[in-house]
Amino acid sequence: MIKNIRLMVLAALAGTLMMGVAVRSGQQTKEEERHPVVIELGKGDAAALRKIGDPYPVFTGLTMDMESDEVIVADENRASLRTFPRQFSATYQGVMEPRREIKGPKSQLTKICAVTMSPEFDEVYTVNKDVGDNMVVFPISLRGDAAPNRILNVDHGAWGVFFDPRNHELFITPQHYNKISVFSRLAQGNDKELRYIQGPKTGLASPHGIYIDSQQNEIYVANHGHWRETEPGEGTRGRAEGGLGSWEGAVRPLSPSTGKFLGASITVHSRIASGNTAPLRTIQGPKTRLNWPVSLYVDTVSGQLAVANSGDDSILFFDRKADGDVAPARVIQGPATEINNPTGIFVDTKRNEIWVANWLGHSATVYPRTADGNVAPIRVLRSAPKGTPATGLGGAADIVYDPKRDQILAPN
Amino acid sequence: MLSRTIHKMALDPVHDELLAPNPFADAILFFAGGAEGNASPVRIIQGPKTLLAFTDVVEVDPVHNEVFTTERRANAVLVFDRTDRGDVAPKRIINGPRTQLERPVYLAVDPVNDLLVVANSGPNSILIFNRTDSGDVAPRAIIGGSKTGITGIRKLALVPEARNILVSARTGRGDASYRFIGLWKYGDKGDVPPRVMVKGLGEAGWAIEAIPEKKELWTKFQDTPDHFHAYHLPQLFE
């Protein structure tokens, strides 16, 4: 599963350049009064020996404006929302520049993940994962560095967000608390949830992508399957109100551990469920081939649920009413597909297409809605020249040196 | 079985294993060194007896065959045998009011000098324990206070040969000019400034790694895009 968390072996450390270091003087006197030697990185000759980074956009989530025929893609790496035309030449293999881009410090975009939109209200919504702990809202037509219309504080670790156009509600999945939070569309600041689903009965286990079927009044959630017991109401939303103040939760005495590996799953809940309630259905088990499912979307024409299965570079399709340990009805997978760590998916029933965001592929790939097997995409929207490797860095929080292999390791 | 929010993993060069915590499943995973792709762990510590709870930090002492974690919710350090697997109780626990542990976010073990160093995020201090300490025990030294300049302690790296402690002291989402990597010596204690301050380049210090044999410091920048830089800084290894 190492690939799945994007644990990246980042660099062989050969070829070291010997560089000097800029040093400002330091004179040591009494311990408490000593003046430290100051090294200013990036100044004088204290330049970096080597740098590892990805200069290109890295796509996480995507959504589509059916009215304007545009695709909005979340670029986690450069913290931007990029808007592209849905249709472009099938033979074009170059890097595509966006029609518009929202990016910059005023936008407050950081490590964004899923993205959703409402053409009716001219709004696009995205969540800032575990860096911003908020959801930001922009006009669809915005470009450049501009402040969001609204900012809503959410629990730490939110990955998924979905707008229910019929009921005008926003659904958010904070991974760290095994929770689905439901807000009114206009919620902002520290506005309270309308309701939430959370607790041991829910089956939520590291939830990520979320889809609302407002016709059937159902919620679909992609779960990685890492579970620990959470209490209804647990989270960090109280921070701005003088609450817990940290994502790790309240101080509590050592007690028996509750963690388990449940296995990846798709849980289906009632749209109006609240509190510690069991899912209506659960797709889970070895036949399902679920492996780090990240996002999902219902094809309302075929009645199938499409799942971006990042753990094995596939798109899985299940009957929307599937329950238990069931095999997918079809699978898009194989070298011809160019699927590489898929994290975003959208089914365009109007034009009969499926869009996939490839986190490690610098691309969004497009397939016929009924595609099956090892099929080539009909179009590829590239953010980097074809074949450009991705560093896989996505909020890496540690560095470890492996002396045996002369490699740097980093977990995201 | 790997997850997001691995805030410290560890490499055991003696036994060629890679250790990673999974905070969402309360587990410590052991992989073969050099593992790649869809590899399964060679063993897992997980279960009610382990007391693991949202554990996102793991350290290994390959000399004495022990594994350490911080429990930031319970203000504790747990110690296991390196070869433990399944539902096992910690062999030692550092916990209690005398320890002064308060939101410990990171730790490092020096098996040469028999020290355990903890980044204590509550009061933004560095706690230094004996490697084999257990129970409600006071640290042998505390570095903390306004003169240290630490306003947001995050990461640690030890240089046992030079008896140095490197500390990433960031302020989270505040002014980048207050971020630095500080060097203290093992003998330092109390409210004392660092001996060396590494500053500059905005969000540096989100992660750090010291490589004594190369006299290199690696640091992670949290600015977008994510990037790592390596610097040759012999002053940090003297």
# chains A, B, ... in the order shown; residues from 1 in each chain; ligands from 1
call {"tool": "closest_atom_pairs", "arguments": {"of": "chain A", "to": "chain B", "cutoff": "6 Å", "atoms": "only C-alpha atoms", "output": "JSON lines"}}
result
{"residue": "A:Met1", "atom": "CA", "partner": "B:Asn38", "partner_atom": "CA", "distance": 3.8}
{"residue": "A:Ile2", "atom": "CA", "partner": "B:Gly37", "partner_atom": "CA", "distance": 5.2}
{"residue": "A:Lys3", "atom": "CA", "partner": "B:Gly37", "partner_atom": "CA", "distance": 4.6}
{"residue": "A:Ile5", "atom": "CA", "partner": "B:Ser3", "partner_atom": "CA", "distance": 5.8}
{"residue": "A:Glu32", "atom": "CA", "partner": "B:Val192", "partner_atom": "CA", "distance": 4.7}
{"residue": "A:Pro36", "atom": "CA", "partner": "B:Arg195", "partner_atom": "CA", "distance": 4.5}
{"residue": "A:Val37", "atom": "CA", "partner": "B:Val196", "partner_atom": "CA", "distance": 4.5}
{"residue": "A:Val38", "atom": "CA", "partner": "B:Met197", "partner_atom": "CA", "distance": 4.8}
{"residue": "A:Ile39", "atom": "CA", "partner": "B:Val198", "partner_atom": "CA", "distance": 4.7}
{"residue": "A:Glu40", "atom": "CA", "partner": "B:Lys199", "partner_atom": "CA", "distance": 5.0}
{"residue": "A:Leu41", "atom": "CA", "partner": "B:Gly200", "partner_atom": "CA", "distance": 5.1}
{"residue": "A:Ala48", "atom": "CA", "partner": "B:Tyr231", "partner_atom": "CA", "distance": 5.0}
{"residue": "A:Leu49", "atom": "CA", "partner": "B:Tyr231", "partner_atom": "CA", "distance": 5.3}
{"residue": "A:Arg50", "atom": "CA", "partner": "B:Ala230", "partner_atom": "CA", "distance": 5.3}
{"residue": "A:Lys51", "atom": "CA", "partner": "B:His229", "partner_atom": "CA", "distance": 4.5}
{"residue": "A:Ile52", "atom": "CA", "partner": "B:Phe228", "partner_atom": "CA", "distance": 5.0}
{"residue": "A:Gly53", "atom": "CA", "partner": "B:His227", "partner_atom": "CA", "distance": 4.3}
{"residue": "A:Asn77", "atom": "CA", "partner": "B:Pro225", "partner_atom": "CA", "distance": 4.9}
{"residue": "A:Arg78", "atom": "CA", "partner": "B:Pro225", "partner_atom": "CA", "distance": 5.0}
{"residue": "A:His226", "atom": "CA", "partner": "B:Ala25", "partner_atom": "CA", "distance": 4.8}
{"residue": "A:Trp227", "atom": "CA", "partner": "B:Ala25", "partner_atom": "CA", "distance": 4.8}
{"residue": "A:Arg228", "atom": "CA", "partner": "B:Ala25", "partner_atom": "CA", "distance": 5.4}
{"residue": "A:Val251", "atom": "CA", "partner": "B:Arg73", "partner_atom": "CA", "distance": 4.7}
{"residue": "A:Arg252", "atom": "CA", "partner": "B:Ala74", "partner_atom": "CA", "distance": 5.2}
{"residue": "A:Pro253", "atom": "CA", "partner": "B:Ala74", "partner_atom": "CA", "distance": 5.0}
{"residue": "A:Leu254", "atom": "CA", "partner": "B:Ala74", "partner_atom": "CA", "distance": 5.5}
{"residue": "A:Ser255", "atom": "CA", "partner": "B:Leu51", "partner_atom": "CA", "distance": 5.6}
{"residue": "A:Pro256", "atom": "CA", "partner": "B:Pro48", "partner_atom": "CA", "distance": 4.3}
{"residue": "A:Ser257", "atom": "CA", "partner": "B:Pro48", "partner_atom": "CA", "distance": 4.1}
{"residue": "A:Thr258", "atom": "CA", "partner": "B:Pro48", "partner_atom": "CA", "distance": 6.0}
{"residue": "A:Gly259", "atom": "CA", "partner": "B:Ala25", "partner_atom": "CA", "distance": 4.1}
{"residue": "A:Lys260", "atom": "CA", "partner": "B:Ala25", "partner_atom": "CA", "distance": 5.0}
{"residue": "A:Ala397", "atom": "CA", "partner": "B:His7", "partner_atom": "CA", "distance": 5.2}
{"residue": "A:Asp398", "atom": "CA", "partner": "B:Ala207", "partner_atom": "CA", "distance": 4.8}
{"residue": "A:Ile399", "atom": "CA", "partner": "B:Glu209", "partner_atom": "CA", "distance": 5.7}
{"residue": "A:Asn412", "atom": "CA", "partner": "B:Arg4", "partner_atom": "CA", "distance": 5.9}
call {"tool": "residues_around", "arguments": {"residues": "Lys192 of chain A", "least_positions_apart": "3", "cutoff": "12 Å", "atoms": "only C-alpha atoms", "output": "MDAnalysis selection string"}}
result
chainID A and resid 152:155 181:189 195:196 233 237:238 241
call {"tool": "residues_around", "arguments": {"residues": "Phe163 of chain A", "least_positions_apart": "5", "cutoff": "8 Å", "atoms": "only C-alpha atoms", "output": "list of chain:residue names"}}
result
A:Thr116, A:Met117, A:Ser118, A:His168, A:Glu169, A:Leu170, A:Phe171, A:Arg185, A:Ile212
call {"tool": "select_by_dssp", "arguments": {"residues": "segment 144-197 of chain A", "states": "strand (DSSP E or B)", "output": "PDB file with N, CA and C atoms, in the first residue's frame"}}
result
ATOM      1  N   GLY A 144      -7.859  35.155 -11.106  1.00  0.00           N
ATOM      2  CA  GLY A 144      -6.799  35.888 -10.420  1.00  0.00           C
ATOM      3  C   GLY A 144      -6.808  35.681  -8.923  1.00  0.00           C
ATOM      4  N   ARG A 150     -17.215  33.633   0.631  1.00  0.00           N
ATOM      5  CA  ARG A 150     -17.454  33.174   1.998  1.00  0.00           C
ATOM      6  C   ARG A 150     -16.374  32.174   2.376  1.00  0.00           C
ATOM      7  N   ILE A 151     -16.122  32.079   3.675  1.00  0.00           N
ATOM      8  CA  ILE A 151     -15.234  31.047   4.225  1.00  0.00           C
ATOM      9  C   ILE A 151     -15.988  30.378   5.361  1.00  0.00           C
ATOM     10  N   LEU A 152     -16.032  29.079   5.312  1.00  0.00           N
ATOM     11  CA  LEU A 152     -16.706  28.308   6.363  1.00  0.00           C
ATOM     12  C   LEU A 152     -15.671  27.459   7.091  1.00  0.00           C
ATOM     13  N   ASN A 153     -15.558  27.600   8.375  1.00  0.00           N
ATOM     14  CA  ASN A 153     -14.645  26.760   9.157  1.00  0.00           C
ATOM     15  C   ASN A 153     -15.233  25.359   9.298  1.00  0.00           C
ATOM     16  N   ALA A 158     -10.799  17.777   6.323  1.00  0.00           N
ATOM     17  CA  ALA A 158     -11.878  17.581   5.345  1.00  0.00           C
ATOM     18  C   ALA A 158     -11.292  17.293   3.972  1.00  0.00           C
ATOM     19  N   TRP A 159     -11.823  16.299   3.290  1.00  0.00           N
ATOM     20  CA  TRP A 159     -11.368  15.986   1.931  1.00  0.00           C
ATOM     21  C   TRP A 159     -12.494  16.204   0.918  1.00  0.00           C
ATOM     22  N   GLY A 160     -13.652  15.663   1.185  1.00  0.00           N
ATOM     23  CA  GLY A 160     -14.732  15.722   0.207  1.00  0.00           C
ATOM     24  C   GLY A 160     -15.677  16.879   0.446  1.00  0.00           C
ATOM     25  N   VAL A 161     -16.248  17.376  -0.661  1.00  0.00           N
ATOM     26  CA  VAL A 161     -17.305  18.389  -0.561  1.00  0.00           C
ATOM     27  C   VAL A 161     -18.231  18.190  -1.756  1.00  0.00           C
ATOM     28  N   PHE A 162     -19.542  18.301  -1.504  1.00  0.00           N
ATOM     29  CA  PHE A 162     -20.502  18.138  -2.593  1.00  0.00           C
ATOM     30  C   PHE A 162     -21.707  19.027  -2.323  1.00  0.00           C
ATOM     31  N   PHE A 163     -22.141  19.725  -3.377  1.00  0.00           N
ATOM     32  CA  PHE A 163     -23.309  20.593  -3.267  1.00  0.00           C
ATOM     33  C   PHE A 163     -24.537  19.850  -3.787  1.00  0.00           C
ATOM     34  N   ASP A 164     -25.576  19.822  -2.970  1.00  0.00           N
ATOM     35  CA  ASP A 164     -26.848  19.205  -3.348  1.00  0.00           C
ATOM     36  C   ASP A 164     -27.721  20.303  -3.964  1.00  0.00           C
ATOM     37  N   GLU A 169     -27.845  22.248   0.012  1.00  0.00           N
ATOM     38  CA  GLU A 169     -27.027  21.905   1.175  1.00  0.00           C
ATOM     39  C   GLU A 169     -25.632  21.480   0.713  1.00  0.00           C
ATOM     40  N   LEU A 170     -24.664  21.712   1.590  1.00  0.00           N
ATOM     41  CA  LEU A 170     -23.285  21.309   1.332  1.00  0.00           C
ATOM     42  C   LEU A 170     -22.899  20.182   2.275  1.00  0.00           C
ATOM     43  N   PHE A 171     -22.296  19.141   1.712  1.00  0.00           N
ATOM     44  CA  PHE A 171     -21.889  17.969   2.481  1.00  0.00           C
ATOM     45  C   PHE A 171     -20.363  17.891   2.482  1.00  0.00           C
ATOM     46  N   ILE A 172     -19.773  17.721   3.642  1.00  0.00           N
ATOM     47  CA  ILE A 172     -18.315  17.722   3.794  1.00  0.00           C
ATOM     48  C   ILE A 172     -17.893  16.516   4.626  1.00  0.00           C
ATOM     49  N   THR A 173     -16.757  15.892   4.239  1.00  0.00           N
ATOM     50  CA  THR A 173     -16.266  14.706   4.958  1.00  0.00           C
ATOM     51  C   THR A 173     -14.931  14.992   5.655  1.00  0.00           C
ATOM     52  N   PRO A 174     -14.923  15.253   6.946  1.00  0.00           N
ATOM     53  CA  PRO A 174     -13.675  15.342   7.697  1.00  0.00           C
ATOM     54  C   PRO A 174     -13.130  13.933   7.995  1.00  0.00           C
ATOM     55  N   LYS A 179     -16.730  11.456   9.764  1.00  0.00           N
ATOM     56  CA  LYS A 179     -17.926  12.290   9.903  1.00  0.00           C
ATOM     57  C   LYS A 179     -18.389  12.830   8.560  1.00  0.00           C
ATOM     58  N   ILE A 180     -19.699  12.998   8.423  1.00  0.00           N
ATOM     59  CA  ILE A 180     -20.285  13.766   7.328  1.00  0.00           C
ATOM     60  C   ILE A 180     -20.941  14.988   7.946  1.00  0.00           C
ATOM     61  N   SER A 181     -20.481  16.163   7.575  1.00  0.00           N
ATOM     62  CA  SER A 181     -21.073  17.405   8.067  1.00  0.00           C
ATOM     63  C   SER A 181     -21.975  17.981   6.990  1.00  0.00           C
ATOM     64  N   VAL A 182     -23.154  18.452   7.390  1.00  0.00           N
ATOM     65  CA  VAL A 182     -24.103  19.038   6.439  1.00  0.00           C
ATOM     66  C   VAL A 182     -24.347  20.496   6.836  1.00  0.00           C
ATOM     67  N   PHE A 183     -24.140  21.391   5.870  1.00  0.00           N
ATOM     68  CA  PHE A 183     -24.320  22.823   6.112  1.00  0.00           C
ATOM     69  C   PHE A 183     -25.306  23.393   5.094  1.00  0.00           C
ATOM     70  N   SER A 184     -25.912  24.491   5.464  1.00  0.00           N
ATOM     71  CA  SER A 184     -26.689  25.221   4.466  1.00  0.00           C
ATOM     72  C   SER A 184     -25.716  25.853   3.478  1.00  0.00           C
ATOM     73  N   GLY A 189     -18.139  31.259   8.274  1.00  0.00           N
ATOM     74  CA  GLY A 189     -17.542  31.443   9.591  1.00  0.00           C
ATOM     75  C   GLY A 189     -17.724  30.207  10.455  1.00  0.00           C
ATOM     76  N   ARG A 195     -26.836  19.296  10.416  1.00  0.00           N
ATOM     77  CA  ARG A 195     -26.823  17.958  11.022  1.00  0.00           C
ATOM     78  C   ARG A 195     -25.493  17.314  10.668  1.00  0.00           C
ATOM     79  N   TYR A 196     -25.200  16.214  11.323  1.00  0.00           N
ATOM     80  CA  TYR A 196     -24.014  15.449  10.951  1.00  0.00           C
ATOM     81  C   TYR A 196     -24.265  13.977  11.192  1.00  0.00           C
ATOM     82  N   ILE A 197     -23.501  13.162  10.470  1.00  0.00           N
ATOM     83  CA  ILE A 197     -23.547  11.711  10.662  1.00  0.00           C
ATOM     84  C   ILE A 197     -22.201  11.307  11.224  1.00  0.00           C
TER      85      ILE A 197
END
call {"tool": "residues_around", "arguments": {"residues": "Asp65 of chain A", "least_positions_apart": "2", "cutoff": "10 Å", "atoms": "only C-alpha atoms", "output": "count of residues only"}}
result
18
call {"tool": "residues_around", "arguments": {"residues": "Asn352 of chain A", "least_positions_apart": "3", "cutoff": "7 Å", "atoms": "only C-alpha atoms", "output": "NGL selection string"}}
result
:A and (348-349 or 368-369)
call {"tool": "write_last_selection", "arguments": {"atoms": "N, CA and C atoms", "output": "CSV table (one decimal), in the first residue's frame"}}
result
chain,number,residue,atom,x,y,z
A,348,ASP,N,-20.4,12.8,-17.0
A,348,ASP,CA,-21.2,13.8,-17.8
A,348,ASP,C,-22.2,13.0,-18.6
A,349,THR,N,-23.4,13.0,-18.1
A,349,THR,CA,-24.4,12.2,-18.8
A,349,THR,C,-25.0,13.0,-20.0
A,368,PRO,N,-15.3,7.5,-22.9
A,368,PRO,CA,-16.8,7.3,-23.2
A,368,PRO,C,-17.4,6.8,-21.9
A,369,ARG,N,-18.7,7.2,-21.7
A,369,ARG,CA,-19.4,6.9,-20.5
A,369,ARG,C,-19.5,5.4,-20.2
call {"tool": "select_by_dssp", "arguments": {"residues": "segment 29-199 of chain B", "states": "helix (DSSP H, G or I)", "output": "list in words"}}
result
Pro48, Lys49, Thr50, Pro97, Arg98, Thr99, Ser146, Lys147, Thr148, Ala176, Ser177 and Tyr178 of chain B
call {"tool": "atom_distance", "arguments": {"atom1": "atom CA of Ser89 of chain A", "atom2": "atom CA of Thr343 of chain A"}}
result
23.9 Å
call {"tool": "closest_residue", "arguments": {"among": "A:Gly324, A:Gly394, A:Ala205, A:Tyr211", "to": "Ala306 of chain A", "atoms": "only C-alpha atoms"}}
result
A:Tyr211
call {"tool": "closest_residue", "arguments": {"among": "A:Phe261, A:Tyr177, A:Tyr367, A:Trp359", "to": "Ala74 of chain A", "atoms": "only C-alpha atoms"}}
result
A:Trp359
call {"tool": "decode", "arguments": {"residues": "segment 286-375 of chain A", "atoms": "C-alpha atoms", "output": "short mmCIF file (atom, residue, chain, number, x, y, z; two decimals), in the first residue's frame"}}
result
data_model
loop_
_atom_site.label_atom_id
_atom_site.label_comp_id
_atom_site.auth_asym_id
_atom_site.auth_seq_id
_atom_site.Cartn_x
_atom_site.Cartn_y
_atom_site.Cartn_z
CA PRO A 286 -12.34 -8.61 -1.46
CA LYS A 287 -14.59 -8.99 -4.49
CA THR A 288 -15.15 -5.26 -4.68
CA ARG A 289 -11.47 -4.53 -5.47
CA LEU A 290 -11.81 -1.30 -3.50
CA ASN A 291 -8.35 0.01 -2.67
CA TRP A 292 -8.04 3.56 -1.47
CA PRO A 293 -11.23 4.78 -3.15
CA VAL A 294 -10.97 8.55 -3.20
CA SER A 295 -13.95 9.95 -5.05
CA LEU A 296 -17.17 8.75 -6.63
CA TYR A 297 -20.06 9.83 -8.85
CA VAL A 298 -23.39 8.32 -9.83
CA ASP A 299 -24.19 7.83 -13.51
CA THR A 300 -27.90 8.55 -13.40
CA VAL A 301 -28.42 7.10 -16.90
CA SER A 302 -26.85 3.68 -16.34
CA GLY A 303 -27.70 3.53 -12.67
CA GLN A 304 -24.07 2.76 -11.86
CA LEU A 305 -21.77 4.23 -9.28
CA ALA A 306 -18.32 5.17 -10.65
CA VAL A 307 -15.44 5.06 -8.16
CA ALA A 308 -11.95 6.52 -8.57
CA ASN A 309 -9.93 3.70 -7.02
CA SER A 310 -6.54 5.28 -6.49
CA GLY A 311 -4.90 2.22 -4.94
CA ASP A 312 -4.78 0.23 -8.18
CA ASP A 313 -5.16 2.94 -10.83
CA SER A 314 -8.68 1.93 -11.82
CA ILE A 315 -12.23 3.19 -12.17
CA LEU A 316 -14.72 0.74 -10.70
CA PHE A 317 -18.42 0.66 -11.57
CA PHE A 318 -21.06 -0.81 -9.28
CA ASP A 319 -24.79 -1.00 -9.50
CA ARG A 320 -25.97 1.91 -7.40
CA LYS A 321 -28.04 -0.49 -5.28
CA ALA A 322 -25.11 -2.88 -4.75
CA ASP A 323 -24.61 -4.06 -1.19
CA GLY A 324 -22.01 -6.25 0.49
CA ASP A 325 -19.05 -8.02 -1.10
CA VAL A 326 -19.87 -7.62 -4.79
CA ALA A 327 -17.63 -7.51 -7.84
CA PRO A 328 -17.65 -4.37 -9.95
CA ALA A 329 -19.90 -4.50 -13.00
CA ARG A 330 -17.02 -3.15 -15.10
CA VAL A 331 -13.56 -1.68 -14.62
CA ILE A 332 -11.51 0.82 -16.59
CA GLN A 333 -7.90 -0.09 -15.96
CA GLY A 334 -4.65 -0.76 -17.80
CA PRO A 335 -1.69 0.96 -19.40
CA ALA A 336 -3.70 2.34 -22.31
CA THR A 337 -5.97 4.27 -19.95
CA GLU A 338 -3.20 6.59 -18.61
CA ILE A 339 -4.99 6.42 -15.25
CA ASN A 340 -2.44 7.18 -12.56
CA ASN A 341 -3.61 7.52 -8.96
CA PRO A 342 -7.12 8.76 -9.76
CA THR A 343 -8.54 11.13 -7.17
CA GLY A 344 -11.36 12.92 -8.96
CA ILE A 345 -14.24 11.72 -11.12
CA PHE A 346 -17.23 13.25 -12.90
CA VAL A 347 -19.82 11.54 -15.09
CA ASP A 348 -21.16 13.80 -17.82
CA THR A 349 -24.45 12.20 -18.80
CA LYS A 350 -25.22 15.04 -21.20
CA ARG A 351 -22.25 14.29 -23.47
CA ASN A 352 -21.76 10.67 -22.41
CA GLU A 353 -18.27 11.11 -20.99
CA ILE A 354 -16.37 10.26 -17.83
CA TRP A 355 -13.69 12.62 -16.58
CA VAL A 356 -10.90 11.42 -14.28
CA ALA A 357 -8.33 13.54 -12.42
CA ASN A 358 -4.99 11.71 -12.16
CA TRP A 359 -3.01 12.88 -9.13
CA LEU A 360 0.25 11.32 -10.25
CA GLY A 361 -0.36 11.76 -13.95
CA HIS A 362 -0.39 15.54 -14.36
CA SER A 363 -3.61 15.00 -16.27
CA ALA A 364 -7.37 14.71 -16.51
CA THR A 365 -8.40 11.92 -18.85
CA VAL A 366 -11.73 11.56 -20.65
CA TYR A 367 -13.47 8.30 -21.62
CA PRO A 368 -16.76 7.29 -23.20
CA ARG A 369 -19.38 6.95 -20.48
CA THR A 370 -19.71 3.21 -21.14
CA ALA A 371 -15.97 2.47 -21.46
CA ASP A 372 -14.74 -0.85 -20.10
CA GLY A 373 -11.31 -2.43 -19.76
CA ASN A 374 -7.96 -1.18 -20.98
CA VAL A 375 -9.21 1.66 -23.15
#
